[in-house]
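Asker: Input file: structure_0.txt. Contents: compact mmCIF, C-alpha atoms.
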# COMPACT_ATOMS: atom_id res chain seq x y z
CA MET A 1 3.91 8.90 -23.20
CA LYS A 2 4.67 7.27 -19.89
CA LYS A 3 1.85 5.55 -18.11
CA ILE A 4 1.40 6.76 -14.55
CA ILE A 5 0.27 4.02 -12.17
CA ILE A 6 -1.54 5.21 -9.06
CA ALA A 7 -2.02 2.90 -6.06
CA PHE A 8 -4.65 3.73 -3.49
CA GLY A 9 -4.87 3.02 0.20
CA LEU A 10 -8.56 3.42 0.89
CA GLN A 11 -9.97 3.89 4.35
CA LEU A 12 -13.14 1.84 4.29
CA CYS A 13 -15.37 3.58 6.79
CA ILE A 14 -18.89 4.98 7.08
CA LEU A 15 -18.67 8.59 5.95
CA ALA A 16 -20.67 11.37 7.50
CA VAL A 17 -20.78 14.02 4.78
CA CYS A 18 -21.70 17.56 5.69
CA GLY A 19 -22.65 19.78 2.78
CA GLN A 20 -21.33 19.61 -0.76
CA HIS A 21 -17.94 18.07 -1.52
CA THR A 22 -15.17 20.33 -2.72
CA TYR A 23 -12.28 18.85 -4.67
CA SER A 24 -8.56 19.31 -4.84
CA THR A 25 -7.07 18.50 -8.23
CA LYS A 26 -3.66 17.21 -9.27
CA ILE A 27 -2.68 17.05 -12.92
CA TYR A 28 0.15 14.72 -13.97
CA SER A 29 1.80 15.38 -17.32
CA VAL A 30 5.04 14.49 -19.05
CA ASP A 31 7.04 17.28 -20.66
CA VAL A 32 9.31 17.08 -23.72
CA MET A 33 12.25 16.13 -21.48
CA GLY A 34 10.37 13.12 -20.14
CA ASP A 35 9.89 14.66 -16.67
CA THR A 36 6.63 14.11 -14.81
CA ILE A 37 5.09 17.45 -13.84
CA VAL A 38 2.47 17.66 -11.08
CA LYS A 39 0.21 20.74 -11.04
CA ASP A 40 -2.69 21.82 -8.85
CA GLU A 41 -6.12 22.91 -10.08
CA HIS A 42 -4.79 26.43 -10.72
CA GLY A 43 -2.01 25.21 -12.99
CA ASN A 44 0.73 25.80 -10.41
CA LYS A 45 3.56 23.30 -10.34
CA ILE A 46 3.75 21.48 -7.02
CA ALA A 47 6.25 18.72 -7.84
CA ILE A 48 8.59 17.52 -10.58
CA TYR A 49 9.87 13.96 -10.98
CA SER A 50 12.83 13.63 -13.31
CA LYS A 51 16.12 11.88 -13.99
CA ASP A 52 19.48 13.57 -14.15
CA VAL A 53 22.24 12.84 -16.69
CA PHE A 54 23.44 9.95 -14.52
CA GLY A 55 20.03 8.29 -14.48
CA ASN A 56 19.35 9.21 -10.85
CA ARG A 57 15.76 9.90 -9.82
CA VAL A 58 15.36 13.54 -8.82
CA ILE A 59 12.35 14.92 -6.96
CA LYS A 60 11.81 18.68 -7.00
CA ASP A 61 9.25 21.03 -5.52
CA GLY A 62 7.12 23.36 -7.62
CA ASN A 63 9.89 25.95 -7.75
CA GLY A 64 12.39 23.47 -9.15
CA ASN A 65 14.29 23.05 -5.88
CA VAL A 66 15.62 19.53 -5.39
CA THR A 67 14.07 17.84 -2.35
CA GLN A 68 15.33 14.28 -2.82
CA ILE A 69 17.71 12.30 -5.01
CA VAL A 70 17.67 8.52 -5.32
CA SER A 71 20.80 7.09 -6.92
CA LYS A 72 23.10 4.07 -7.13
CA ASP A 73 26.69 4.24 -5.89
CA VAL A 74 29.63 2.44 -7.50
CA PHE A 75 28.80 -0.69 -5.51
CA GLY A 76 25.21 -0.78 -6.72
CA ASN A 77 23.75 0.37 -3.40
CA THR A 78 20.68 2.61 -3.38
CA VAL A 79 21.47 5.99 -1.82
CA ILE A 80 18.80 8.53 -0.85
CA LYS A 81 19.93 12.14 -0.44
CA ASP A 82 18.12 15.30 0.56
CA GLY A 83 18.03 18.52 -1.43
CA LYS A 84 21.43 19.56 -0.07
CA GLY A 85 23.07 16.36 -1.26
CA GLN A 86 23.34 14.88 2.22
CA THR A 87 22.77 11.14 2.47
CA ILE A 88 19.73 10.40 4.64
CA LYS A 89 19.39 6.68 3.99
CA SER A 90 21.03 3.89 2.02
CA ILE A 91 20.01 0.36 1.10
CA GLU A 92 22.95 -1.95 0.60
CA LYS A 93 23.97 -5.59 0.26
CA ASN A 94 26.59 -7.02 2.60
CA VAL A 95 29.00 -9.88 1.89
CA PHE A 96 26.33 -12.38 2.94
CA ASP A 97 23.88 -10.90 0.39
CA ASP A 98 21.69 -9.54 3.20
CA THR A 99 19.86 -6.25 2.67
CA VAL A 100 21.21 -3.60 5.04
CA ILE A 101 19.36 -0.33 5.68
CA LYS A 102 21.57 2.46 7.02
CA ASP A 103 20.97 6.01 8.16
CA GLY A 104 22.76 9.09 6.84
CA GLU A 105 25.74 8.50 9.14
CA GLY A 106 26.25 5.00 7.80
CA ARG A 107 24.87 3.33 10.92
CA THR A 108 22.87 0.15 10.39
CA ILE A 109 19.16 0.49 11.13
CA ASN A 110 17.96 -2.94 10.02
CA THR A 111 19.36 -6.00 8.32
CA ILE A 112 17.12 -8.35 6.35
CA GLY A 113 18.56 -11.71 5.41
CA LYS A 114 18.09 -15.46 5.31
CA ASP A 115 19.18 -17.97 7.94
CA VAL A 116 20.61 -21.43 7.16
CA PHE A 117 17.07 -22.79 6.84
CA GLY A 118 16.04 -20.17 4.29
CA ASN A 119 13.86 -18.22 6.73
CA THR A 120 13.67 -14.42 6.45
CA VAL A 121 15.26 -12.79 9.51
CA ILE A 122 15.12 -9.09 10.39
CA ARG A 123 17.77 -7.75 12.78
CA ASN A 124 18.09 -4.38 14.49
CA GLU A 125 21.03 -1.98 14.71
CA ASN A 126 22.71 -4.24 17.29
CA ASN A 127 22.41 -7.28 14.99
CA GLN A 128 19.79 -8.77 17.32
CA LYS A 129 16.96 -10.69 15.72
CA VAL A 130 13.67 -8.82 16.11
CA VAL A 131 11.41 -10.91 13.87
CA SER A 132 11.60 -13.91 11.58
CA ILE A 133 9.24 -15.19 8.89
CA GLU A 134 9.36 -18.94 8.45
CA LYS A 135 7.56 -21.93 6.97
CA ASP A 136 6.49 -24.65 9.38
CA VAL A 137 6.26 -28.36 8.63
CA PHE A 138 2.77 -27.84 7.18
CA GLY A 139 3.96 -25.14 4.79
CA ASP A 140 2.22 -22.36 6.73
CA ARG A 141 3.84 -18.96 7.07
CA VAL A 142 4.82 -18.26 10.68
CA VAL A 143 5.97 -14.94 12.12
CA LYS A 144 8.11 -15.17 15.26
CA ASP A 145 9.46 -12.57 17.67
CA SER A 146 13.05 -12.20 18.87
CA TYR A 147 12.58 -15.06 21.36
CA GLY A 148 11.29 -17.46 18.73
CA ARG A 149 7.69 -17.24 19.93
CA ILE A 150 4.99 -17.37 17.28
CA ILE A 151 3.13 -14.04 17.09
CA ARG A 152 1.23 -14.63 13.84
CA SER A 153 0.65 -17.53 11.49
CA PHE A 154 -1.00 -17.71 8.08
CA SER A 155 -2.42 -20.95 6.75
CA LYS A 156 -5.02 -22.36 4.37
CA ASP A 157 -8.10 -24.15 5.66
CA ILE A 158 -9.81 -27.05 3.87
CA PHE A 159 -11.83 -24.56 1.81
CA GLY A 160 -8.74 -22.72 0.56
CA ASN A 161 -9.31 -19.64 2.74
CA THR A 162 -6.31 -17.83 4.19
CA VAL A 163 -6.54 -17.86 7.99
CA MET A 164 -4.54 -15.67 10.34
CA LYS A 165 -3.96 -16.94 13.89
CA ASN A 166 -2.55 -15.13 16.90
CA GLU A 167 0.19 -16.21 19.32
CA ASN A 168 -2.25 -18.59 21.04
CA GLY A 169 -3.15 -20.35 17.79
CA ARG A 170 -6.61 -18.82 17.73
CA ALA A 171 -8.01 -17.70 14.38
CA VAL A 172 -8.51 -13.93 14.43
CA ALA A 173 -9.21 -13.20 10.77
CA SER A 174 -9.63 -14.93 7.45
CA ILE A 175 -10.02 -14.07 3.79
CA GLY A 176 -11.67 -16.27 1.22
CA LYS A 177 -14.37 -16.60 -1.43
CA ASN A 178 -18.05 -17.16 -0.80
CA ILE A 179 -20.34 -19.26 -2.99
CA PHE A 180 -20.84 -16.29 -5.32
CA GLY A 181 -17.10 -15.83 -5.87
CA ASP A 182 -16.97 -12.64 -3.79
CA THR A 183 -14.04 -11.99 -1.47
CA GLU A 184 -15.02 -12.07 2.21
CA ILE A 185 -12.99 -10.89 5.17
CA LYS A 186 -14.11 -12.48 8.43
CA GLY A 187 -13.37 -11.73 12.07
CA GLU A 188 -12.33 -14.11 14.83
CA ASN A 189 -15.87 -15.41 15.36
CA GLY A 190 -16.39 -16.09 11.67
CA GLN A 191 -18.55 -13.02 11.14
CA VAL A 192 -18.18 -11.25 7.80
CA ILE A 193 -16.71 -7.77 8.30
CA LYS A 194 -16.04 -6.90 4.64
CA THR A 195 -17.29 -8.20 1.31
CA ILE A 196 -15.60 -7.22 -1.96
CA SER A 197 -17.41 -8.06 -5.16
CA LYS A 198 -18.15 -6.98 -8.72
CA ASP A 199 -21.56 -5.73 -9.77
CA ILE A 200 -23.18 -6.44 -13.15
CA PHE A 201 -21.31 -3.48 -14.65
CA GLY A 202 -17.90 -4.76 -13.50
CA ASN A 203 -17.56 -2.16 -10.73
CA THR A 204 -15.78 -3.14 -7.51
CA ILE A 205 -18.14 -2.89 -4.52
CA VAL A 206 -17.05 -3.02 -0.87
CA LYS A 207 -19.72 -3.73 1.74
CA ASP A 208 -19.52 -3.73 5.52
CA ALA A 209 -20.74 -6.30 8.04
CA ASN A 210 -24.32 -5.08 7.57
CA ARG A 211 -24.11 -5.54 3.78
CA GLN A 212 -24.14 -1.77 3.38
CA LYS A 213 -22.06 -0.42 0.50
CA VAL A 214 -19.19 1.71 1.80
CA ILE A 215 -16.97 2.04 -1.28
CA SER A 216 -17.39 1.55 -5.01
CA ILE A 217 -14.74 1.78 -7.73
CA GLU A 218 -16.22 2.38 -11.14
CA LYS A 219 -15.43 3.36 -14.71
CA ASP A 220 -17.51 6.05 -16.38
CA VAL A 221 -18.34 6.27 -20.10
CA PHE A 222 -15.12 8.22 -20.70
CA GLY A 223 -12.94 5.53 -19.12
CA SER A 224 -12.26 7.54 -15.97
CA THR A 225 -11.92 5.70 -12.65
CA LEU A 226 -14.38 6.95 -10.01
CA ILE A 227 -14.13 6.10 -6.32
CA LYS A 228 -17.37 6.75 -4.43
CA ASP A 229 -18.60 6.34 -0.89
CA GLY A 230 -21.65 4.33 0.10
CA ASN A 231 -23.97 7.22 -0.70
CA GLY A 232 -22.62 7.56 -4.23
CA GLN A 233 -20.66 10.71 -3.37
CA LEU A 234 -17.48 11.01 -5.42
CA LEU A 235 -14.34 10.70 -3.27
CA LYS A 236 -11.71 10.53 -6.02
CA SER A 237 -11.55 10.45 -9.79
CA ILE A 238 -8.68 9.58 -12.13
CA SER A 239 -9.05 10.65 -15.73
CA LYS A 240 -7.23 11.91 -18.81
CA ASP A 241 -7.61 15.43 -20.16
CA VAL A 242 -7.62 16.29 -23.88
CA PHE A 243 -3.81 16.44 -23.86
CA GLY A 244 -3.45 12.94 -22.41
CA ASN A 245 -2.42 14.19 -18.97
CA THR A 246 -3.57 12.25 -15.90
CA VAL A 247 -5.94 14.29 -13.72
CA VAL A 248 -6.61 13.22 -10.13
CA LYS A 249 -9.40 14.91 -8.18
CA THR A 250 -9.82 14.24 -4.47
CA ALA A 251 -12.86 15.21 -2.41
CA SER A 252 -12.50 17.16 0.82
CA GLY A 253 -15.05 17.78 3.54
CA SER A 254 -15.68 14.12 4.39
CA THR A 255 -15.56 13.20 8.05
CA PRO A 256 -14.82 9.55 8.82
CA SER A 257 -16.72 7.92 11.68
CA ASN A 258 -17.41 4.42 12.94
CA THR A 259 -14.14 3.11 11.57
CA ILE A 260 -14.20 -0.63 10.99
CA SER A 261 -11.34 -2.97 11.90
CA TYR A 262 -9.00 -4.04 9.08
CA ASP A 263 -10.03 -0.86 7.31
CA VAL A 264 -7.24 -0.13 4.84
CA ILE A 265 -7.42 -2.19 1.67
CA GLN A 266 -5.51 -1.52 -1.52
CA PHE A 267 -6.84 -1.58 -5.07
CA ASP A 268 -5.10 -0.97 -8.37
CA ASP A 269 -6.33 1.73 -10.74
CA ASP A 270 -8.78 -0.70 -12.35
CA GLY A 271 -10.45 -1.42 -9.03
CA ASN A 272 -8.95 -4.91 -8.61
CA LEU A 273 -8.34 -6.05 -5.05
CA ASN A 274 -4.73 -6.44 -3.95
CA GLU A 275 -5.14 -9.43 -1.66
CA SER A 276 -1.55 -9.27 -0.42
CA SER A 277 -2.41 -5.90 1.12
CA LEU A 278 -5.01 -7.65 3.24
CA LEU A 279 -2.46 -10.08 4.61
CA GLU A 280 -0.06 -7.25 5.30
CA LEU A 281 -2.86 -5.40 7.03
CA MET A 282 -3.80 -8.43 9.10
CA MET A 283 -0.19 -8.79 10.22
CA ASN A 284 -0.01 -5.17 11.34
CA ASN A 285 -3.30 -5.14 13.22
CA GLY A 286 -3.92 -6.51 16.63
CA ASP A 287 -6.89 -8.63 17.64
Kindly present the structure from the file in structure tokens form.
Answerer:
Amino acid sequence: MKKIIIAFGLQLCILAVCGQHTYSTKIYSVDVMGDTIVKDEHGNKIAIYSKDVFGNRVIKDGNGNVTQIVSKDVFGNTVIKDGKGQTIKSIEKNVFDDTVIKDGEGRTINTIGKDVFGNTVIRNENNQKVVSIEKDVFGDRVVKDSYGRIIRSFSKDIFGNTVMKNENGRAVASIGKNIFGDTEIKGENGQVIKTISKDIFGNTIVKDANRQKVISIEKDVFGSTLIKDGNGQLLKSISKDVFGNTVVKTASGSTPSNTISYDVIQFDDDGNLNESSLLELMMNNGD
């Protein structure tokens, strides 16, 4: 049976919970044809993920109507079509081996390639450079705008921490390990705004600047993954039923408040931190 990998984007915030949680349930199973079937808590099909005879990925709604097809053309380009067979996007390689993203009319949206120095350059529909990602003489990663001005840089300090700096060269965030081996995310003044650690049971614990637990990712005695808020309320669970199907339950009725900066951090289904998601998040957030 195919293993279904589920990646989570968790909003790490202080939750104000009113009343008892209710849960929506999704059940993922694989039928005899090898298709992944998604059902709700009432057993109704809500999505089908399959492959056609040509090996194309086909996404259908609960009624079996095709909503999207992802295929390769004769040139090896990835083509995305809607349920009517109309191309809505394609991802191609040009003669310079650049990645070209086009819309359904074949117009270029973005081009991602390398310059003569090996730097990654992203260009818009007019072939104008909009951003570049380079290495400076110190080996630090530098992000520049269309005018060549540095807008973000990522480097390592003497302690091995990853430091993000803004366009003025001022450190605005960092990620590293403390003396206990926990991952710490710090703000521009060096204050800890998130701590990610393991407890004695191997659970992943996320704490805020006040050392208050805001998220935990645990395994229960049945091997299910449980995602809880700081009060121990279950937000999401991922488990297997007696038939080996993956069952995902998500809580509703939680109201987020007091959202903390840099508040979306990714974990895999075992609760391990995806540190690259932090860097991506830092890049996409302002000061």
Asker: Point out the residue among A:Ile101, A:Ala251, A:Ile185, A:Val66 with the least atom-to-atom distance to Gln86 (chain A), counting all atoms listed in the file.
Answerer: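 Under the stated criterion, the closest residue is A:Val66.
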Asker: Of the candidates A:Ile112, A:Met33, A:Ile150, A:Ile193, which shows the shortest atom-to-atom distance to Gly169 (chain A), using all atoms listed in the file?
Answerer: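 Looking at the shortest contact to Gly169 (chain A), the residue is A:Ile150.
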Asker: Restricting the calculation to all atoms listed in the file: of A:Thr204, A:Thr25, A:Ser224, A:Asn161, which residue gets closest to Gly190 (chain A)?
Answerer: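 Using all atoms listed in the file, the shortest distance to Gly190 (chain A) belongs to A:Asn161.
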Asker: Using all atoms listed in the file, find the one residue out of A:Gly148, A:Tyr28, A:Ser71, A:Gly187 that sits nearest to Val53 (chain A).
Answerer: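 Selected residue with least distance to Val53 (chain A): A:Ser71.
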Asker: Figure out the distance between CA of Ile122 (chain A) and CA of Ser90 (chain A), please, to one decimal in Å.
Answerer: 16.5 Å
Asker: Just how far from CA of Ile37 (chain A) is CA of Tyr49 (chain A), in Å to one decimal?
Answerer: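 Atom-to-atom, CA of Tyr49 (chain A) and CA of Ile37 (chain A) are spaced 6.6 Å apart.
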Asker: Rounded to one decimal in Å, what is the spacing between CA of Val100 (chain A) and CA of Gly85 (chain A)?
Answerer: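 Distance between the two atoms: 21.0 Å.
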Asker: Which polymer residues have any atom within 7 Å of an atom of Ser50 (chain A), counting all atoms listed in the file, with same-chain residues fewer than 3 positions away left out, as a compact mmCIF listing (two decimals) with C-alpha atoms, keeping the file's coordinate frame?
Answerer:
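Everything below was put into out-v9.txt:
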# COMPACT_ATOMS: atom_id res chain seq x y z
CA ASP A 35 9.89 14.66 -16.67
CA THR A 36 6.63 14.11 -14.81
CA ARG A 57 15.76 9.90 -9.82
CA VAL A 58 15.36 13.54 -8.82
CA ILE A 59 12.35 14.92 -6.96
Asker: Give me the residues near Lys144 (chain A) as a PDB file with C-alpha atoms, in the coordinates of the input, where near means some atom within 6 Å (using only C-alpha atoms) and where sequence neighbours in that chain fewer than 6 positions away do not count.
Answerer:
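out.pdb, written as the output of this step:
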ATOM      1  CA  VAL A 131      11.410 -10.910  13.870  1.00  0.00           C
ATOM      2  CA  SER A 132      11.600 -13.910  11.580  1.00  0.00           C
ATOM      3  CA  ILE A 150       4.990 -17.370  17.280  1.00  0.00           C
ATOM      4  CA  ILE A 151       3.130 -14.040  17.090  1.00  0.00           C
TER       5      ILE A 151
END
Asker: Taking all atoms listed in the file into account, name the residue in A:Gly43, A:Gly202, A:Gly76, A:Gly104 that is nearest to Ile88 (chain A).
Answerer: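 The answer is A:Gly104, which sits nearest to Ile88 (chain A).
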Asker: Please list as number ranges by chain every residue within 6 Å of region 244-250 of chain A, counting all atoms listed in the file and excluding residues in the same chain fewer than 5 positions away.
Answerer: A: 23-29, 235-239
Asker: Mind checking which residues fall within 8 Å of Val172 (chain A), counting all atoms listed in the file, ignoring those fewer than 2 positions away in the same chain, and posting them as a list in words?
Answerer: Val163, Met164, Lys165, Asn166, Arg170, Ser174, Gly187, Glu188, Asn189 and Asp287 of chain A
Asker: Could you pull the residues within 9 Å of Lys177 (chain A), counting only C-alpha atoms, minus those fewer than 5 positions along the same chain, as a list in words?
Answerer: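 Neighbouring residues, sequence-local ones excluded: Phe159, Gly160, Asn161, Asp182, Thr183, Glu184 and Ile185 of chain A.
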Asker: Let me make sure I understand: among A:Gly62, A:Ile91, A:Asn178, A:Gly139, which one has the smallest atom-to-atom distance to Asp40 (chain A) if we use all atoms listed in the file?
Answerer: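 Smallest separation from Asp40 (chain A) among the options: A:Gly62.
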Asker: Please complete region 91-113 of chain A with N, CA, C and O atoms and give it back as an mmCIF file, in the coordinates of the input.
Answerer:
data_model
loop_
_atom_site.group_PDB
_atom_site.id
_atom_site.type_symbol
_atom_site.label_atom_id
_atom_site.label_comp_id
_atom_site.auth_asym_id
_atom_site.auth_seq_id
_atom_site.Cartn_x
_atom_site.Cartn_y
_atom_site.Cartn_z
ATOM 1 N N ILE A 91 20.421 1.765 1.095
ATOM 2 C CA ILE A 91 20.010 0.360 1.100
ATOM 3 C C ILE A 91 21.090 -0.419 0.384
ATOM 4 O O ILE A 91 21.336 -0.208 -0.813
ATOM 5 N N GLU A 92 21.752 -1.301 1.120
ATOM 6 C CA GLU A 92 22.950 -1.950 0.600
ATOM 7 C C GLU A 92 22.842 -3.474 0.706
ATOM 8 O O GLU A 92 21.928 -4.005 1.330
ATOM 9 N N LYS A 93 23.794 -4.152 0.108
ATOM 10 C CA LYS A 93 23.970 -5.590 0.260
ATOM 11 C C LYS A 93 25.308 -5.832 0.942
ATOM 12 O O LYS A 93 26.321 -5.248 0.549
ATOM 13 N N ASN A 94 25.316 -6.694 1.975
ATOM 14 C CA ASN A 94 26.590 -7.020 2.600
ATOM 15 C C ASN A 94 27.197 -8.260 1.952
ATOM 16 O O ASN A 94 26.671 -8.782 0.974
ATOM 17 N N VAL A 95 28.290 -8.748 2.506
ATOM 18 C CA VAL A 95 29.000 -9.880 1.890
ATOM 19 C C VAL A 95 28.194 -11.171 1.961
ATOM 20 O O VAL A 95 28.489 -12.137 1.238
ATOM 21 N N PHE A 96 27.181 -11.189 2.823
ATOM 22 C CA PHE A 96 26.330 -12.380 2.940
ATOM 23 C C PHE A 96 25.066 -12.254 2.079
ATOM 24 O O PHE A 96 24.170 -13.089 2.160
ATOM 25 N N ASP A 97 25.010 -11.190 1.257
ATOM 26 C CA ASP A 97 23.880 -10.900 0.390
ATOM 27 C C ASP A 97 22.628 -10.502 1.173
ATOM 28 O O ASP A 97 21.512 -10.573 0.659
ATOM 29 N N ASP A 98 22.808 -10.073 2.425
ATOM 30 C CA ASP A 98 21.690 -9.540 3.200
ATOM 31 C C ASP A 98 21.442 -8.099 2.784
ATOM 32 O O ASP A 98 22.350 -7.383 2.362
ATOM 33 N N THR A 99 20.198 -7.650 2.913
ATOM 34 C CA THR A 99 19.860 -6.250 2.670
ATOM 35 C C THR A 99 20.069 -5.460 3.952
ATOM 36 O O THR A 99 19.513 -5.805 5.001
ATOM 37 N N VAL A 100 20.877 -4.414 3.869
ATOM 38 C CA VAL A 100 21.210 -3.600 5.040
ATOM 39 C C VAL A 100 20.705 -2.182 4.818
ATOM 40 O O VAL A 100 21.028 -1.553 3.812
ATOM 41 N N ILE A 101 19.886 -1.693 5.739
ATOM 42 C CA ILE A 101 19.360 -0.330 5.680
ATOM 43 C C ILE A 101 20.142 0.523 6.669
ATOM 44 O O ILE A 101 20.210 0.201 7.857
ATOM 45 N N LYS A 102 20.746 1.602 6.175
ATOM 46 C CA LYS A 102 21.570 2.460 7.020
ATOM 47 C C LYS A 102 21.048 3.883 7.023
ATOM 48 O O LYS A 102 20.380 4.325 6.082
ATOM 49 N N ASP A 103 21.360 4.613 8.097
ATOM 50 C CA ASP A 103 20.970 6.010 8.160
ATOM 51 C C ASP A 103 22.014 6.873 7.460
ATOM 52 O O ASP A 103 22.971 6.361 6.860
ATOM 53 N N GLY A 104 21.857 8.181 7.535
ATOM 54 C CA GLY A 104 22.760 9.090 6.840
ATOM 55 C C GLY A 104 24.184 9.076 7.334
ATOM 56 O O GLY A 104 25.105 9.496 6.617
ATOM 57 N N GLU A 105 24.389 8.584 8.565
ATOM 58 C CA GLU A 105 25.740 8.500 9.140
ATOM 59 C C GLU A 105 26.404 7.163 8.848
ATOM 60 O O GLU A 105 27.532 6.921 9.285
ATOM 61 N N GLY A 106 25.685 6.304 8.132
ATOM 62 C CA GLY A 106 26.250 5.000 7.800
ATOM 63 C C GLY A 106 26.020 3.950 8.867
ATOM 64 O O GLY A 106 26.566 2.850 8.793
ATOM 65 N N ARG A 107 25.182 4.280 9.865
ATOM 66 C CA ARG A 107 24.870 3.330 10.920
ATOM 67 C C ARG A 107 23.746 2.402 10.481
ATOM 68 O O ARG A 107 22.753 2.857 9.908
ATOM 69 N N THR A 108 23.882 1.122 10.769
ATOM 70 C CA THR A 108 22.870 0.150 10.390
ATOM 71 C C THR A 108 21.593 0.348 11.199
ATOM 72 O O THR A 108 21.645 0.462 12.427
ATOM 73 N N ILE A 109 20.455 0.394 10.480
ATOM 74 C CA ILE A 109 19.160 0.490 11.130
ATOM 75 C C ILE A 109 18.525 -0.897 11.210
ATOM 76 O O ILE A 109 18.060 -1.323 12.262
ATOM 77 N N ASN A 110 18.494 -1.585 10.090
ATOM 78 C CA ASN A 110 17.960 -2.940 10.020
ATOM 79 C C ASN A 110 18.743 -3.762 9.016
ATOM 80 O O ASN A 110 19.279 -3.232 8.034
ATOM 81 N N THR A 111 18.777 -5.057 9.263
ATOM 82 C CA THR A 111 19.360 -6.000 8.320
ATOM 83 C C THR A 111 18.316 -7.079 8.026
ATOM 84 O O THR A 111 17.706 -7.621 8.957
ATOM 85 N N ILE A 112 18.094 -7.347 6.754
ATOM 86 C CA ILE A 112 17.120 -8.350 6.350
ATOM 87 C C ILE A 112 17.848 -9.422 5.558
ATOM 88 O O ILE A 112 18.450 -9.144 4.512
ATOM 89 N N GLY A 113 17.823 -10.638 6.065
ATOM 90 C CA GLY A 113 18.560 -11.710 5.410
ATOM 91 C C GLY A 113 17.886 -13.054 5.572
ATOM 92 O O GLY A 113 16.738 -13.152 6.018
#
